[in-house]
file structure06.pdb (PDB, C-alpha atoms and all ligand atoms)
ATOM      1  CA  MET A   1      83.875  67.646 122.256
ATOM      2  CA  CYS A   2      84.975  64.058 122.572
ATOM      3  CA  ILE A   3      85.872  62.164 125.748
ATOM      4  CA  ASN A   4      87.170  58.657 126.392
ATOM      5  CA  ALA A   5      83.998  57.048 127.738
ATOM      6  CA  ASP A   6      85.404  54.099 129.693
ATOM      7  CA  ALA A   7      87.433  56.351 131.959
ATOM      8  CA  ALA A   8      84.469  58.637 132.580
ATOM      9  CA  LYS A   9      82.450  55.774 134.078
ATOM     10  CA  LYS A  10      85.049  55.121 136.771
ATOM     11  CA  LEU A  11      85.696  58.701 137.813
ATOM     12  CA  PRO A  12      83.785  61.307 139.778
ATOM     13  CA  GLU A  13      81.932  63.776 137.580
ATOM     14  CA  ASN A  14      84.065  66.769 138.399
ATOM     15  CA  MET A  15      87.395  65.398 137.212
ATOM     16  CA  ALA A  16      89.487  67.701 135.045
ATOM     17  CA  THR A  17      90.484  66.506 131.600
ATOM     18  CA  CYS A  18      94.181  66.242 130.762
ATOM     19  CA  LEU A  19      95.900  69.455 129.695
ATOM     20  CA  CYS A  20      97.477  67.664 126.727
ATOM     21  CA  ASN A  21      94.635  68.805 124.479
ATOM     22  CA  VAL A  22      95.681  72.401 125.269
ATOM     23  CA  ALA A  23      99.443  71.814 125.388
ATOM     24  CA  PHE A  24      99.533  70.090 122.005
ATOM     25  CA  ASN A  25      96.592  71.890 120.332
ATOM     26  CA  LEU A  26      94.919  68.606 119.502
ATOM     27  CA  GLU A  27      92.671  68.796 116.443
ATOM     28  CA  PRO A  28      89.861  67.921 116.383
ATOM     29  CA  GLU A  29      89.417  68.900 119.997
ATOM     30  CA  MET A  30      89.843  65.728 122.002
ATOM     31  CA  LYS A  31      89.676  65.735 125.770
ATOM     32  CA  TRP A  32      91.130  62.922 127.808
ATOM     33  CA  LEU A  33      90.091  61.796 131.239
ATOM     34  CA  PRO A  34      92.711  59.916 133.242
ATOM     35  CA  VAL A  35      92.588  56.187 133.982
ATOM     36  CA  TRP A  36      93.481  54.446 137.227
ATOM     37  CA  ARG A  37      96.757  52.611 137.615
ATOM     38  CA  TYR A  38      97.346  50.435 140.646
ATOM     39  CA  ASN A  39     100.686  49.265 141.981
ATOM     40  CA  LYS A  40      99.885  46.087 143.894
ATOM     41  CA  ALA A  41     103.288  45.689 145.550
ATOM     42  CA  ARG A  42     103.226  49.197 146.994
ATOM     43  CA  GLN A  43      99.405  49.404 147.294
ATOM     44  CA  GLU A  44      99.455  52.779 145.630
ATOM     45  CA  LEU A  45      97.172  54.341 143.058
ATOM     46  CA  LEU A  46      97.808  56.965 140.479
ATOM     47  CA  LEU A  47      95.946  58.475 137.557
ATOM     48  CA  SER A  48      97.459  58.651 134.113
ATOM     49  CA  CYS A  49      96.317  60.039 130.770
ATOM     50  CA  PRO A  50      95.734  57.290 128.169
ATOM     51  CA  ASN A  51      96.771  59.724 125.439
ATOM     52  CA  CYS A  52     100.010  61.346 126.638
ATOM     53  CA  ASN A  53     100.860  59.279 129.759
ATOM     54  CA  PHE A  54     100.975  62.335 131.983
ATOM     55  CA  ARG A  55     100.603  60.970 135.513
ATOM     56  CA  THR A  56     100.105  62.025 139.083
ATOM     57  CA  GLY A  57     102.148  61.064 142.081
ATOM     58  CA  ALA A  58     101.168  57.782 143.745
ATOM     59  CA  PHE A  59      99.107  57.689 146.925
ATOM     60  CA  ASN A  60      97.280  55.015 148.874
ATOM     61  CA  ASN A  61      93.880  56.698 148.658
ATOM     62  CA  LYS A  62      91.766  57.804 145.731
ATOM     63  CA  PRO A  63      90.759  61.286 146.946
ATOM     64  CA  ALA A  64      94.430  62.307 147.254
ATOM     65  CA  VAL A  65      95.169  61.129 143.716
ATOM     66  CA  GLN A  66      92.055  62.851 142.348
ATOM     67  CA  ALA A  67      92.991  66.115 144.080
ATOM     68  CA  PHE A  68      96.522  65.847 142.678
ATOM     69  CA  TRP A  69      95.189  65.299 139.159
ATOM     70  CA  ASN A  70      92.750  68.196 139.354
ATOM     71  CA  ALA A  71      95.452  70.514 140.696
ATOM     72  CA  CYS A  72      97.825  69.619 137.827
ATOM     73  CA  ASN A  73      95.212  69.871 135.094
ATOM     74  CA  ARG A  74      93.190  72.976 135.895
ATOM     75  CA  HIS A  75      92.368  74.622 132.577
ATOM     76  CA  GLY A  76      92.689  78.288 131.689
ATOM     77  CA  ASP A  77      95.806  79.048 133.756
ATOM     78  CA  ALA A  78      98.951  79.872 131.738
ATOM     79  CA  TYR A  79     101.325  79.358 134.652
ATOM     80  CA  LEU A  80      99.845  75.970 135.437
ATOM     81  CA  LEU A  81     100.228  74.993 131.786
ATOM     82  CA  GLU A  82     103.961  75.787 132.055
ATOM     83  CA  LEU A  83     104.216  73.562 135.123
ATOM     84  CA  TRP A  84     102.331  70.851 133.287
ATOM     85  CA  ARG A  85     104.766  70.980 130.348
ATOM     86  CA  ARG A  86     107.729  70.817 132.722
ATOM     87  CA  ASP A  87     106.300  67.786 134.559
ATOM     88  CA  TYR A  88     105.416  66.135 131.274
ATOM     89  CA  GLU A  89     108.983  66.477 129.949
ATOM     90  CA  ARG A  90     110.380  65.268 133.262
ATOM     91  CA  GLN A  91     108.153  62.197 133.221
ATOM     92  CA  ARG A  92     109.196  61.401 129.656
ATOM     93  CA  GLU A  93     112.852  61.509 130.708
ATOM     94  CA  GLN A  94     112.133  59.225 133.659
ATOM     95  CA  THR A  95     110.321  56.751 131.431
ATOM     96  CA  LYS A  96     113.288  56.654 129.041
ATOM     97  CA  THR A  97     115.851  55.963 131.765
ATOM     98  CA  ALA A  98     113.688  53.540 133.786
TER      99      ALA A  98
HETATM  100 ZN    ZN A 101      97.132  63.816 128.359
END
call {"tool": "encode", "arguments": {"input": "structure06.pdb", "output": "structure tokens", "more": "lines below"}}
Ligand SMILES: [Zn+2]
result
Amino acid sequence: MCINADAAKKLPENMATCLCNVAFNLEPEMKWLPVWRYNKARQELLLSCPNCNFRTGAFNNKPAVQAFWNACNRHGDAYLLELWRRDYERQREQTKTA
């Protein structure tokens, strides 16, 4: 298993990896930890995957963002994977029209 090391240093140990490795059957198995993004104007943080750009909602405190990420990316749950795919597609549409 392979993990992006820079992100791992800045995150708590129990962070979930992005579901993109499951959703897209990445070969060889590559797991991605999210990286922090900070919006200075709004003073909000979010986490986003450096591989697929899946992102959480934005909050003004880290624990809320981490909880959001872990809730979206829990592995081994088929229903959650469907939700993940839906959010991923939605975010791609938003990025296109932004
Ligand atoms: Zn991802």
call {"tool": "atom_distance", "arguments": {"input": "structure06.pdb", "atom1": "CA of Tyr79 (chain A)", "atom2": "CA of Ala8 (chain A)"}}
result
26.8 Å
call {"tool": "closest_atom_pairs", "arguments": {"input": "structure06.pdb", "of": "chain A", "to": "ligand ZN 101 (chain A)", "cutoff": "8 Å", "atoms": "only C-alpha atoms and all ligand atoms", "output": "Markdown table"}}
result
| residue | atom | partner | partner_atom | distance |
| --- | --- | --- | --- | --- |
| A:Thr17 | CA | A:ZN101 | ZN | 7.9 |
| A:Cys18 | CA | A:ZN101 | ZN | 4.5 |
| A:Leu19 | CA | A:ZN101 | ZN | 5.9 |
| A:Cys20 | CA | A:ZN101 | ZN | 4.2 |
| A:Asn21 | CA | A:ZN101 | ZN | 6.8 |
| A:Trp32 | CA | A:ZN101 | ZN | 6.1 |
| A:Leu33 | CA | A:ZN101 | ZN | 7.9 |
| A:Pro34 | CA | A:ZN101 | ZN | 7.7 |
| A:Ser48 | CA | A:ZN101 | ZN | 7.7 |
| A:Cys49 | CA | A:ZN101 | ZN | 4.6 |
| A:Pro50 | CA | A:ZN101 | ZN | 6.7 |
| A:Asn51 | CA | A:ZN101 | ZN | 5.0 |
| A:Cys52 | CA | A:ZN101 | ZN | 4.2 |
| A:Asn53 | CA | A:ZN101 | ZN | 6.0 |
| A:Phe54 | CA | A:ZN101 | ZN | 5.5 |
call {"tool": "closest_residue", "arguments": {"input": "structure06.pdb", "among": "A:Leu46, A:Ala7, A:Cys72, A:Ala64", "to": "Arg85 (chain A)", "atoms": "all atoms listed in the file"}}
result
A:Cys72
call {"tool": "closest_residue", "arguments": {"input": "structure06.pdb", "among": "A:Leu45, A:Ala71, A:Leu80, A:Ala16", "to": "Phe59 (chain A)", "atoms": "all atoms listed in the file"}}
result
A:Leu45
call {"tool": "atom_distance", "arguments": {"input": "structure06.pdb", "atom1": "CA of Gln66 (chain A)", "atom2": "CA of Asp6 (chain A)"}}
result
16.8 Å
call {"tool": "atom_distance", "arguments": {"input": "structure06.pdb", "atom1": "CA of Trp84 (chain A)", "atom2": "CA of Gly57 (chain A)"}}
result
13.2 Å
call {"tool": "closest_residue", "arguments": {"input": "structure06.pdb", "among": "A:Arg74, A:Lys9, A:Lys40, A:Lys31", "to": "Ala58 (chain A)", "atoms": "only C-alpha atoms"}}
result
A:Lys40
call {"tool": "closest_residue", "arguments": {"input": "structure06.pdb", "among": "A:Ala41, A:Arg92, A:Asn70, A:Glu82", "to": "Glu13 (chain A)", "atoms": "only C-alpha atoms"}}
result
A:Asn70
call {"tool": "axis_aligned_box", "arguments": {"input": "structure06.pdb", "around": "region 84-90 of chain A", "padding_each_side": "5 Å", "output": "AutoDock Vina command-line options"}}
result
--center_x 106.4 --center_y 68.1 --center_z 132.3 --size_x 18.0 --size_y 15.7 --size_z 14.6
call {"tool": "residues_around", "arguments": {"input": "structure06.pdb", "residues": "Leu81 (chain A)", "least_positions_apart": "6", "cutoff": "8 Å", "atoms": "all atoms listed in the file", "output": "list in words"}}
result
Leu19, Ala23, Asn73 and His75 of chain A
